[in-house]
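Undergrad: Structure file final-v7.cif (mmCIF, C-alpha atoms) right here:
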```
data_protein
loop_
_atom_site.group_PDB
_atom_site.id
_atom_site.type_symbol
_atom_site.label_atom_id
_atom_site.label_comp_id
_atom_site.auth_asym_id
_atom_site.auth_seq_id
_atom_site.Cartn_x
_atom_site.Cartn_y
_atom_site.Cartn_z
ATOM 1 C CA MET G 644 80.901 -147.546 -36.585
ATOM 2 C CA MET G 645 78.305 -146.617 -34.007
ATOM 3 C CA SER G 646 74.779 -146.665 -35.400
ATOM 4 C CA PHE G 647 72.019 -144.188 -34.765
ATOM 5 C CA GLU G 648 70.162 -146.862 -32.831
ATOM 6 C CA ASN G 649 73.137 -147.257 -30.463
ATOM 7 C CA VAL G 650 73.114 -143.562 -29.647
ATOM 8 C CA CYS G 651 69.321 -143.302 -29.545
ATOM 9 C CA PRO G 652 67.854 -146.630 -28.501
ATOM 10 C CA ASN G 653 64.327 -145.217 -28.741
ATOM 11 C CA SER G 654 65.016 -143.907 -32.225
ATOM 12 C CA ASP G 655 61.628 -144.889 -33.677
ATOM 13 C CA GLY G 656 59.779 -142.827 -31.112
ATOM 14 C CA LEU G 657 62.211 -139.958 -31.505
ATOM 15 C CA LEU G 658 61.836 -139.875 -35.282
ATOM 16 C CA VAL G 659 58.045 -139.902 -35.008
ATOM 17 C CA ALA G 660 58.134 -137.092 -32.445
ATOM 18 C CA VAL G 661 60.417 -135.028 -34.670
ATOM 19 C CA ALA G 662 58.317 -135.708 -37.760
ATOM 20 C CA ARG G 663 55.122 -134.689 -35.979
ATOM 21 C CA SER G 664 56.675 -131.386 -34.916
ATOM 22 C CA LEU G 665 57.634 -130.388 -38.446
ATOM 23 C CA ALA G 666 56.045 -127.219 -39.809
ATOM 24 C CA ASP G 667 55.502 -128.893 -43.203
ATOM 25 C CA PRO G 668 53.516 -132.128 -43.526
ATOM 26 C CA ILE G 669 54.657 -135.533 -44.727
ATOM 27 C CA PHE G 670 52.036 -137.827 -46.221
ATOM 28 C CA VAL G 671 52.672 -141.549 -46.517
ATOM 29 C CA ILE G 672 50.513 -142.641 -49.462
ATOM 30 C CA ASP G 673 50.373 -146.084 -51.043
ATOM 31 C CA GLU G 674 50.150 -146.878 -54.738
ATOM 32 C CA THR G 675 46.357 -147.079 -54.594
ATOM 33 C CA GLY G 676 46.208 -143.477 -53.415
ATOM 34 C CA ARG G 677 45.342 -144.317 -49.802
ATOM 35 C CA TYR G 678 46.745 -142.081 -47.070
ATOM 36 C CA ARG G 679 48.513 -144.407 -44.586
ATOM 37 C CA HIS G 680 50.097 -141.832 -42.258
ATOM 38 C CA VAL G 681 50.230 -138.069 -41.848
ATOM 39 C CA LEU G 682 53.108 -136.452 -39.978
ATOM 40 C CA GLY G 683 53.977 -132.809 -39.391
ATOM 41 C CA GLY G 684 52.072 -129.858 -40.789
ATOM 42 C CA ALA G 685 52.149 -127.974 -37.496
ATOM 43 C CA ALA G 686 52.231 -124.514 -39.139
ATOM 44 C CA ARG G 687 48.524 -123.669 -38.985
ATOM 45 C CA GLN G 688 49.035 -120.403 -40.872
ATOM 46 C CA TYR G 689 49.981 -122.509 -43.905
ATOM 47 C CA TYR G 690 48.196 -125.854 -43.479
ATOM 48 C CA ASP G 691 44.909 -127.348 -42.339
ATOM 49 C CA SER G 692 45.050 -130.331 -40.009
ATOM 50 C CA SER G 693 45.189 -133.524 -42.053
ATOM 51 C CA GLU G 694 44.416 -136.376 -39.665
ATOM 52 C CA TYR G 695 41.046 -136.858 -41.361
ATOM 53 C CA LEU G 696 42.903 -138.130 -44.440
ATOM 54 C CA ILE G 697 44.263 -141.283 -42.798
ATOM 55 C CA GLY G 698 42.648 -144.383 -44.282
ATOM 56 C CA ARG G 699 40.980 -142.507 -47.107
ATOM 57 C CA ARG G 700 41.925 -142.485 -50.769
ATOM 58 C CA MET G 701 42.777 -139.400 -52.801
ATOM 59 C CA HIS G 702 39.706 -139.836 -54.985
ATOM 60 C CA GLU G 703 37.509 -139.678 -51.883
ATOM 61 C CA VAL G 704 38.796 -136.293 -50.740
ATOM 62 C CA LEU G 705 39.998 -134.478 -53.871
ATOM 63 C CA PRO G 706 38.383 -133.544 -57.189
ATOM 64 C CA ARG G 707 38.863 -136.339 -59.708
ATOM 65 C CA GLU G 708 41.187 -134.382 -62.007
ATOM 66 C CA ILE G 709 43.554 -133.482 -59.156
ATOM 67 C CA ALA G 710 43.441 -136.971 -57.665
ATOM 68 C CA ASP G 711 44.270 -138.509 -61.066
ATOM 69 C CA GLN G 712 47.247 -136.157 -61.421
ATOM 70 C CA PHE G 713 48.579 -136.918 -57.934
ATOM 71 C CA LEU G 714 48.156 -140.669 -58.294
ATOM 72 C CA ALA G 715 50.043 -140.600 -61.611
ATOM 73 C CA VAL G 716 52.960 -138.842 -59.873
ATOM 74 C CA ILE G 717 52.999 -141.471 -57.107
ATOM 75 C CA ARG G 718 53.024 -144.368 -59.553
ATOM 76 C CA ARG G 719 55.748 -142.724 -61.634
ATOM 77 C CA ALA G 720 57.921 -142.311 -58.532
ATOM 78 C CA LEU G 721 57.451 -145.999 -57.672
ATOM 79 C CA ALA G 722 57.977 -147.212 -61.253
ATOM 80 C CA ASP G 723 61.166 -145.180 -61.778
ATOM 81 C CA ASN G 724 62.311 -145.434 -58.156
ATOM 82 C CA GLU G 725 63.115 -141.716 -58.300
ATOM 83 C CA VAL G 726 61.976 -138.603 -56.495
ATOM 84 C CA GLN G 727 59.262 -136.690 -58.356
ATOM 85 C CA THR G 728 58.722 -132.962 -57.819
ATOM 86 C CA LEU G 729 55.648 -130.950 -58.727
ATOM 87 C CA GLU G 730 54.061 -127.590 -57.991
ATOM 88 C CA TYR G 731 50.327 -127.296 -57.536
ATOM 89 C CA ARG G 732 47.629 -124.930 -56.332
ATOM 90 C CA LEU G 733 45.004 -126.192 -53.901
ATOM 91 C CA SER G 734 42.200 -124.784 -51.780
ATOM 92 C CA SER G 735 41.042 -126.349 -48.539
ATOM 93 C CA LEU G 736 37.494 -125.857 -49.841
ATOM 94 C CA LEU G 737 38.195 -128.592 -52.408
ATOM 95 C CA CYS G 738 39.149 -131.190 -49.795
ATOM 96 C CA ASP G 739 36.196 -133.213 -48.577
ATOM 97 C CA GLY G 740 36.210 -133.576 -44.795
ATOM 98 C CA ASN G 741 38.664 -130.744 -44.148
ATOM 99 C CA ARG G 742 38.097 -128.979 -40.802
ATOM 100 C CA ARG G 743 39.333 -125.703 -42.346
ATOM 101 C CA ASP G 744 41.470 -124.618 -39.411
ATOM 102 C CA GLY G 745 44.153 -123.316 -41.766
ATOM 103 C CA PRO G 746 44.121 -120.649 -44.503
ATOM 104 C CA SER G 747 40.857 -120.276 -46.415
ATOM 105 C CA GLU G 748 42.348 -118.881 -49.624
ATOM 106 C CA ASP G 749 44.100 -120.920 -52.316
ATOM 107 C CA GLN G 750 47.648 -121.974 -51.480
ATOM 108 C CA TRP G 751 50.595 -122.971 -53.689
ATOM 109 C CA PHE G 752 52.589 -126.059 -52.754
ATOM 110 C CA GLU G 753 55.668 -127.920 -53.868
ATOM 111 C CA GLY G 754 55.431 -131.675 -53.455
ATOM 112 C CA ARG G 755 58.470 -133.956 -53.319
ATOM 113 C CA VAL G 756 57.430 -137.557 -53.744
ATOM 114 C CA SER G 757 59.970 -140.198 -52.699
ATOM 115 C CA PRO G 758 59.589 -144.004 -52.917
ATOM 116 C CA ILE G 759 59.707 -145.806 -49.553
ATOM 117 C CA GLU G 760 61.848 -148.928 -49.670
ATOM 118 C CA SER G 761 59.658 -150.844 -47.250
ATOM 119 C CA LEU G 762 56.648 -149.882 -45.187
ATOM 120 C CA PRO G 763 55.931 -152.083 -42.148
ATOM 121 C CA ASP G 764 52.588 -153.886 -42.167
ATOM 122 C CA ALA G 765 51.785 -152.637 -45.654
ATOM 123 C CA ASP G 766 50.227 -154.663 -48.456
ATOM 124 C CA ALA G 767 51.171 -152.094 -51.116
ATOM 125 C CA ARG G 768 54.166 -149.990 -52.007
ATOM 126 C CA ALA G 769 54.123 -146.403 -50.783
ATOM 127 C CA VAL G 770 55.762 -143.000 -51.076
ATOM 128 C CA ALA G 771 56.588 -140.171 -48.714
ATOM 129 C CA TRP G 772 54.959 -136.995 -50.059
ATOM 130 C CA VAL G 773 56.749 -134.020 -48.482
ATOM 131 C CA VAL G 774 54.846 -130.750 -48.852
ATOM 132 C CA ILE G 775 56.322 -127.234 -48.797
ATOM 133 C CA ASN G 776 54.041 -124.199 -48.882
ATOM 134 C CA ILE G 777 55.404 -121.841 -51.560
ATOM 135 C CA THR G 778 52.505 -119.363 -51.611
ATOM 136 C CA GLN G 779 54.639 -116.400 -50.525
ATOM 137 C CA ARG G 780 57.214 -117.183 -53.206
ATOM 138 C CA LYS G 781 54.504 -117.415 -55.872
ATOM 139 C CA GLN G 782 53.000 -114.116 -54.738
ATOM 140 C CA LEU G 783 56.412 -112.465 -54.922
ATOM 141 C CA GLU G 784 57.030 -113.895 -58.397
ATOM 142 C CA ALA G 785 53.633 -112.619 -59.562
ATOM 143 C CA GLU G 786 54.333 -109.167 -58.148
ATOM 144 C CA LEU G 787 57.752 -109.020 -59.800
ATOM 145 C CA GLU G 788 56.197 -110.083 -63.096
ATOM 146 C CA ARG G 789 53.510 -107.402 -62.736
ATOM 147 C CA LEU G 790 56.119 -104.738 -62.004
ATOM 148 C CA ALA G 791 58.151 -105.822 -65.015
ATOM 149 C CA VAL G 792 55.300 -105.107 -67.446
ATOM 150 C CA THR G 793 53.365 -102.337 -65.686
ATOM 151 C CA ASP G 794 53.830 -98.601 -65.537
ATOM 152 C CA GLU G 795 53.777 -98.007 -61.793
ATOM 153 C CA LEU G 796 52.089 -94.585 -61.933
ATOM 154 C CA THR G 797 49.145 -95.425 -64.200
ATOM 155 C CA GLY G 798 48.831 -99.214 -63.941
ATOM 156 C CA MET G 799 49.009 -99.478 -67.742
ATOM 157 C CA LEU G 800 51.434 -101.564 -69.738
ATOM 158 C CA ASN G 801 54.873 -99.985 -69.858
ATOM 159 C CA ARG G 802 56.623 -99.311 -73.166
ATOM 160 C CA ARG G 803 58.341 -102.689 -73.426
ATOM 161 C CA ALA G 804 55.236 -104.667 -72.535
ATOM 162 C CA PHE G 805 53.068 -102.575 -74.861
ATOM 163 C CA ILE G 806 55.377 -103.209 -77.810
ATOM 164 C CA GLU G 807 55.519 -106.956 -77.088
ATOM 165 C CA THR G 808 51.713 -107.192 -76.818
ATOM 166 C CA ALA G 809 51.114 -105.006 -79.883
ATOM 167 C CA ASP G 810 53.674 -107.025 -81.867
ATOM 168 C CA ALA G 811 51.632 -110.162 -81.171
ATOM 169 C CA ALA G 812 48.409 -108.406 -82.257
ATOM 170 C CA ILE G 813 50.110 -107.187 -85.442
ATOM 171 C CA ALA G 814 51.368 -110.688 -86.256
ATOM 172 C CA ARG G 815 47.826 -112.065 -85.913
ATOM 173 C CA ALA G 816 46.381 -109.262 -88.038
ATOM 174 C CA LEU G 817 48.920 -109.840 -90.814
ATOM 175 C CA ARG G 818 48.382 -113.591 -90.711
ATOM 176 C CA PHE G 819 44.606 -113.383 -91.095
ATOM 177 C CA GLY G 820 44.444 -110.214 -93.172
ATOM 178 C CA HIS G 821 42.620 -108.189 -90.512
ATOM 179 C CA PRO G 822 42.807 -104.395 -90.177
ATOM 180 C CA LEU G 823 44.640 -102.779 -87.247
ATOM 181 C CA GLN G 824 45.220 -99.175 -86.191
ATOM 182 C CA LEU G 825 47.721 -97.622 -83.805
ATOM 183 C CA ALA G 826 47.331 -94.237 -82.121
ATOM 184 C CA LEU G 827 49.881 -92.120 -80.279
ATOM 185 C CA MET G 828 48.384 -89.581 -77.861
ATOM 186 C CA ASP G 829 50.550 -86.836 -76.367
ATOM 187 C CA LEU G 830 49.244 -84.426 -73.697
ATOM 188 C CA ASP G 831 49.373 -80.795 -74.755
ATOM 189 C CA HIS G 832 51.541 -78.345 -72.772
ATOM 190 C CA PHE G 833 52.198 -80.931 -70.075
ATOM 191 C CA LYS G 834 55.624 -79.477 -69.312
ATOM 192 C CA ARG G 835 53.930 -76.298 -68.096
ATOM 193 C CA ILE G 836 51.999 -78.273 -65.494
ATOM 194 C CA ASN G 837 55.173 -79.852 -64.132
ATOM 195 C CA ASP G 838 57.087 -76.563 -64.228
ATOM 196 C CA ASP G 839 54.347 -74.375 -62.738
ATOM 197 C CA LEU G 840 52.618 -76.737 -60.297
ATOM 198 C CA GLY G 841 55.189 -79.478 -59.689
ATOM 199 C CA HIS G 842 55.587 -83.110 -60.641
ATOM 200 C CA PRO G 843 53.160 -84.455 -57.983
ATOM 201 C CA VAL G 844 50.382 -82.484 -59.696
ATOM 202 C CA GLY G 845 51.605 -83.739 -63.068
ATOM 203 C CA ASP G 846 51.358 -87.292 -61.762
ATOM 204 C CA GLN G 847 47.738 -86.686 -60.739
ATOM 205 C CA VAL G 848 46.974 -85.472 -64.258
ATOM 206 C CA LEU G 849 48.547 -88.588 -65.771
ATOM 207 C CA ARG G 850 46.476 -90.840 -63.505
ATOM 208 C CA HIS G 851 43.352 -88.868 -64.433
ATOM 209 C CA VAL G 852 44.034 -89.324 -68.157
ATOM 210 C CA SER G 853 44.862 -93.001 -67.798
ATOM 211 C CA LYS G 854 41.602 -93.635 -65.917
ATOM 212 C CA LEU G 855 39.556 -92.052 -68.708
ATOM 213 C CA LEU G 856 41.456 -93.998 -71.355
ATOM 214 C CA LYS G 857 40.917 -97.329 -69.592
ATOM 215 C CA GLU G 858 37.204 -96.650 -69.244
ATOM 216 C CA ARG G 859 36.752 -95.823 -72.930
ATOM 217 C CA VAL G 860 38.820 -98.334 -74.922
ATOM 218 C CA ARG G 861 37.576 -101.782 -75.914
ATOM 219 C CA SER G 862 38.604 -104.890 -74.018
ATOM 220 C CA THR G 863 40.423 -106.112 -77.152
ATOM 221 C CA ASP G 864 42.506 -102.920 -77.459
ATOM 222 C CA VAL G 865 46.054 -102.662 -76.124
ATOM 223 C CA LEU G 866 46.781 -99.554 -74.077
ATOM 224 C CA GLY G 867 50.111 -98.387 -72.691
ATOM 225 C CA ARG G 868 52.078 -95.447 -71.361
ATOM 226 C CA ILE G 869 55.167 -95.316 -73.536
ATOM 227 C CA GLY G 870 56.751 -92.076 -72.366
ATOM 228 C CA GLY G 871 56.384 -89.253 -69.871
ATOM 229 C CA GLU G 872 53.062 -87.867 -71.150
ATOM 230 C CA GLU G 873 52.654 -90.087 -74.188
ATOM 231 C CA PHE G 874 50.179 -92.949 -74.466
ATOM 232 C CA ALA G 875 49.748 -95.564 -77.186
ATOM 233 C CA LEU G 876 46.650 -97.452 -78.242
ATOM 234 C CA CYS G 877 46.689 -100.508 -80.520
ATOM 235 C CA MET G 878 43.261 -101.277 -82.008
ATOM 236 C CA PRO G 879 42.970 -104.736 -83.632
ATOM 237 C CA ASP G 880 40.099 -105.360 -86.063
ATOM 238 C CA SER G 881 39.599 -101.623 -86.452
ATOM 239 C CA HIS G 882 39.392 -99.553 -89.637
ATOM 240 C CA PRO G 883 40.831 -96.016 -89.978
ATOM 241 C CA GLY G 884 37.421 -94.373 -89.598
ATOM 242 C CA ASP G 885 36.642 -96.389 -86.460
ATOM 243 C CA ALA G 886 39.947 -95.392 -84.888
ATOM 244 C CA GLN G 887 39.399 -91.721 -85.720
ATOM 245 C CA VAL G 888 35.967 -91.797 -84.081
ATOM 246 C CA LEU G 889 37.209 -93.574 -80.948
ATOM 247 C CA VAL G 890 40.259 -91.357 -80.392
ATOM 248 C CA ASN G 891 38.238 -88.201 -81.076
ATOM 249 C CA ASP G 892 35.581 -89.364 -78.613
ATOM 250 C CA ILE G 893 38.258 -89.881 -75.947
ATOM 251 C CA ARG G 894 39.684 -86.430 -76.709
ATOM 252 C CA GLU G 895 36.264 -84.796 -76.324
ATOM 253 C CA ILE G 896 35.569 -86.654 -73.072
ATOM 254 C CA LEU G 897 38.925 -85.529 -71.683
ATOM 255 C CA ARG G 898 38.251 -81.921 -72.684
ATOM 256 C CA GLY G 899 34.948 -82.066 -70.813
ATOM 257 C CA GLN G 900 36.413 -83.569 -67.625
ATOM 258 C CA PRO G 901 39.224 -81.417 -66.205
ATOM 259 C CA ALA G 902 41.606 -83.086 -63.771
ATOM 260 C CA ASP G 903 40.687 -82.311 -60.157
ATOM 261 C CA VAL G 904 44.129 -82.028 -58.545
ATOM 262 C CA ASP G 905 45.422 -81.477 -55.026
ATOM 263 C CA LEU G 906 47.883 -78.581 -55.109
ATOM 264 C CA GLY G 907 49.566 -79.757 -51.926
ATOM 265 C CA ASN G 908 48.880 -76.605 -49.905
ATOM 266 C CA GLY G 909 45.328 -77.386 -48.890
ATOM 267 C CA GLY G 910 43.902 -76.112 -52.146
ATOM 268 C CA ARG G 911 42.471 -77.868 -55.164
ATOM 269 C CA ARG G 912 42.181 -76.896 -58.782
ATOM 270 C CA LYS G 913 40.486 -78.191 -61.910
ATOM 271 C CA LEU G 914 43.022 -78.356 -64.724
ATOM 272 C CA PRO G 915 41.854 -78.543 -68.348
ATOM 273 C CA VAL G 916 43.692 -81.308 -70.182
ATOM 274 C CA THR G 917 43.868 -81.971 -73.919
ATOM 275 C CA PHE G 918 45.948 -84.190 -76.154
ATOM 276 C CA SER G 919 47.096 -84.367 -79.736
ATOM 277 C CA ALA G 920 47.020 -87.706 -81.508
ATOM 278 C CA GLY G 921 48.364 -89.393 -84.607
ATOM 279 C CA ILE G 922 46.966 -92.597 -86.086
ATOM 280 C CA SER G 923 48.591 -95.094 -88.451
ATOM 281 C CA SER G 924 47.102 -98.107 -90.231
ATOM 282 C CA LEU G 925 48.710 -101.517 -90.540
ATOM 283 C CA ALA G 926 50.210 -102.093 -93.983
ATOM 284 C CA SER G 927 51.175 -105.408 -95.560
ATOM 285 C CA GLU G 928 54.870 -104.451 -95.526
ATOM 286 C CA ASP G 929 54.865 -103.749 -91.765
ATOM 287 C CA SER G 930 56.614 -106.238 -89.531
ATOM 288 C CA ASN G 931 56.241 -104.830 -86.019
ATOM 289 C CA THR G 932 54.947 -102.034 -83.795
ATOM 290 C CA ILE G 933 57.870 -99.717 -84.518
ATOM 291 C CA ASP G 934 56.822 -99.497 -88.175
ATOM 292 C CA LEU G 935 53.428 -98.139 -87.097
ATOM 293 C CA PHE G 936 55.028 -95.938 -84.421
ATOM 294 C CA ILE G 937 57.056 -94.104 -87.066
ATOM 295 C CA ARG G 938 54.019 -93.223 -89.186
ATOM 296 C CA ALA G 939 51.789 -92.423 -86.206
ATOM 297 C CA ASP G 940 54.484 -90.128 -84.831
ATOM 298 C CA LYS G 941 54.533 -88.173 -88.100
ATOM 299 C CA CYS G 942 50.761 -87.728 -87.855
ATOM 300 C CA LEU G 943 51.144 -86.685 -84.223
ATOM 301 C CA TYR G 944 53.712 -84.076 -85.225
ATOM 302 C CA ARG G 945 51.243 -82.738 -87.776
ATOM 303 C CA ALA G 946 48.528 -82.508 -85.108
ATOM 304 C CA LYS G 947 50.887 -80.539 -82.855
ATOM 305 C CA HIS G 948 51.930 -78.264 -85.731
ATOM 306 C CA GLU G 949 48.303 -77.577 -86.679
ATOM 307 C CA GLY G 950 47.321 -76.239 -83.292
ATOM 308 C CA ARG G 951 47.129 -79.245 -80.913
ATOM 309 C CA ASP G 952 43.991 -80.742 -79.356
ATOM 310 C CA CYS G 953 43.207 -82.665 -82.542
ATOM 311 C CA VAL G 954 43.624 -86.040 -84.209
ATOM 312 C CA ARG G 955 45.419 -86.627 -87.486
ATOM 313 C CA GLY G 956 45.631 -89.855 -89.433
ATOM 314 C CA PRO G 957 46.979 -91.167 -92.694
ATOM 315 C CA GLY G 958 45.915 -89.348 -95.851
#
```
Go ahead and render the structure in this file as structure tokens.
TA:
Amino acid sequence: MMSFENVCPNSDGLLVAVARSLADPIFVIDETGRYRHVLGGAARQYYDSSEYLIGRRMHEVLPREIADQFLAVIRRALADNEVQTLEYRLSSLLCDGNRRDGPSEDQWFEGRVSPIESLPDADARAVAWVVINITQRKQLEAELERLAVTDELTGMLNRRAFIETADAAIARALRFGHPLQLALMDLDHFKRINDDLGHPVGDQVLRHVSKLLKERVRSTDVLGRIGGEEFALCMPDSHPGDAQVLVNDIREILRGQPADVDLGNGGRRKLPVTFSAGISSLASEDSNTIDLFIRADKCLYRAKHEGRDCVRGPG
């Protein structure tokens, strides 16, 4: 069988030339954490130049916690004689001596750490640490996750995400015996807006309402759009009177701030917007958000039946 060396007698030089041209870098690092060689990393949009690393140890150029983690991976690869894979986030600002000729923002990387059988002129065992920049993949994953839980129009939690988050709040409240309230808020006569002025105007109204809601609720509250013009608010550590005051305050603020909408024909109009709301309190026999939904919906129906633009609660 013809060997690679027979076909390419200058194979060592060829391999080095190929390695140096790689978009992704390869670090040769010994078991003490010293960088012996750096090859590749030519893609400057993803990587800073790394020649400054050669001869230095990880603990000289990286924060101690990160260096400890990386060195543990190297030693595990050498001890087990197996490839180790890890994902990590790193900023060039954290690397001492970096010339910062690559991206300035944090980047995500996948490292594949392989034991090297023998390294010429080395007094310690070493690994080849192959780096792949996975920042774009991580950004896409984060965006897909955001879309999965977010109502695109308002930026609030969607129905599924609201129920999951409220379920967790309810479980905590039941466990520690804390009060919790849930409110359903439904915009009054919203169908008329869509029918008379069109859905784009209706969307502007929904964004207007959601902005006011976000500005008013507490940071510990859970807010979501659970239907076309229906919003839900879960209020942990809140008593019935507190919830009534908060929801009524939001209703009054909304009444005093009409939605300034673009009619799409060069004109604008200020639309008065009100909502009706029903509030339910967490009971010891409740097990999830749906239990509170059912009672809050009955109170909401009563608010609609009694003239709209009001809040009704238990009792």
Undergrad: Check the smallest atom-to-atom distance from each of G:Ala769, G:Ala946, G:Ala685, G:Ala939 to Ala666 of chain G using all atoms listed in the file, then report the winner.
TA: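 Of the candidates, the smallest distance to Ala666 of chain G is held by G:Ala685.
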Undergrad: Using the chain letters and residue numbers of this document, give as an MDAnalysis selection string the residues selected by the PyMOL selection byres ((chain G and resi 823-835) around 8).
TA: chainID G and resid 813 816 821:822 836:840 845 872:883 886 890 916:925 935:936 939:940 943 951:952
Undergrad: Go through G:Pro706, G:Asp892, G:Arg718, G:Ser693 and flag the residue nearest Thr675 of chain G, using only C-alpha atoms for the distances.
TA: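 Counting only C-alpha atoms, the residue closest to Thr675 of chain G is G:Arg718.
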Undergrad: Spell out the residues picked by the PyMOL selection byres ((chain G and resi 851-854) around 8) here, as a list in words.
TA: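 When the PyMOL selection byres ((chain G and resi 851-854) around 8) is applied to the shown file, the picked residues are Thr797, Met799, Gln847, Val848, Leu849, Arg850, Leu855, Leu856, Lys857, Glu858, Leu897 and Ala902 of chain G.
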Undergrad: Do you know which residues lie at most 12 Å from (55.2, -105.6, -66.7), with coordinates as in the file and only C-alpha atoms counted, and could you write them as a list of chain:residue names?
TA: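 The answer, in the requested form, is G:Glu784, G:Ala785, G:Glu786, G:Leu787, G:Glu788, G:Arg789, G:Leu790, G:Ala791, G:Val792, G:Thr793, G:Asp794, G:Glu795, G:Gly798, G:Met799, G:Leu800, G:Asn801, G:Arg802, G:Arg803, G:Ala804, G:Phe805, G:Ile806, G:Glu807, G:Thr808, G:Gly867, G:Arg868.
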Undergrad: Next, the residues of the selection above should be written as an mmCIF file, in the frame of the given file with C-alpha atoms.
TA:
```cif
data_model
loop_
_atom_site.group_PDB
_atom_site.id
_atom_site.type_symbol
_atom_site.label_atom_id
_atom_site.label_comp_id
_atom_site.auth_asym_id
_atom_site.auth_seq_id
_atom_site.Cartn_x
_atom_site.Cartn_y
_atom_site.Cartn_z
ATOM 1 C CA GLU G 784 57.030 -113.895 -58.397
ATOM 2 C CA ALA G 785 53.633 -112.619 -59.562
ATOM 3 C CA GLU G 786 54.333 -109.167 -58.148
ATOM 4 C CA LEU G 787 57.752 -109.020 -59.800
ATOM 5 C CA GLU G 788 56.197 -110.083 -63.096
ATOM 6 C CA ARG G 789 53.510 -107.402 -62.736
ATOM 7 C CA LEU G 790 56.119 -104.738 -62.004
ATOM 8 C CA ALA G 791 58.151 -105.822 -65.015
ATOM 9 C CA VAL G 792 55.300 -105.107 -67.446
ATOM 10 C CA THR G 793 53.365 -102.337 -65.686
ATOM 11 C CA ASP G 794 53.830 -98.601 -65.537
ATOM 12 C CA GLU G 795 53.777 -98.007 -61.793
ATOM 13 C CA GLY G 798 48.831 -99.214 -63.941
ATOM 14 C CA MET G 799 49.009 -99.478 -67.742
ATOM 15 C CA LEU G 800 51.434 -101.564 -69.738
ATOM 16 C CA ASN G 801 54.873 -99.985 -69.858
ATOM 17 C CA ARG G 802 56.623 -99.311 -73.166
ATOM 18 C CA ARG G 803 58.341 -102.689 -73.426
ATOM 19 C CA ALA G 804 55.236 -104.667 -72.535
ATOM 20 C CA PHE G 805 53.068 -102.575 -74.861
ATOM 21 C CA ILE G 806 55.377 -103.209 -77.810
ATOM 22 C CA GLU G 807 55.519 -106.956 -77.088
ATOM 23 C CA THR G 808 51.713 -107.192 -76.818
ATOM 24 C CA GLY G 867 50.111 -98.387 -72.691
ATOM 25 C CA ARG G 868 52.078 -95.447 -71.361
#
```
Undergrad: Find the residue from G:Ser664, G:Val659, G:Trp772, G:Arg700 that sits nearest to Val716 of chain G; use all atoms listed in the file when measuring.
TA: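 Smallest distance to Val716 of chain G is found for G:Trp772.
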Undergrad: For the file shown, report as number ranges by chain the outcome of the PyMOL selection byres ((chain G and resi 665) around 10) at residue level.
TA: G: 660-664, 666-669, 682-686
Undergrad: Which value, in Å to one decimal, gives the distance between atom CA of Val888 of chain G and atom CA of Thr863 of chain G?
TA: 16.5 Å
Undergrad: Pick out the closest residue to Val954 of chain G from this set: G:Leu783, G:Leu914, G:Gly884, G:Gln750. Count only C-alpha atoms.
TA: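 Going through G:Leu783, G:Leu914, G:Gly884, G:Gln750 one by one, the smallest distance to Val954 of chain G is for G:Gly884.
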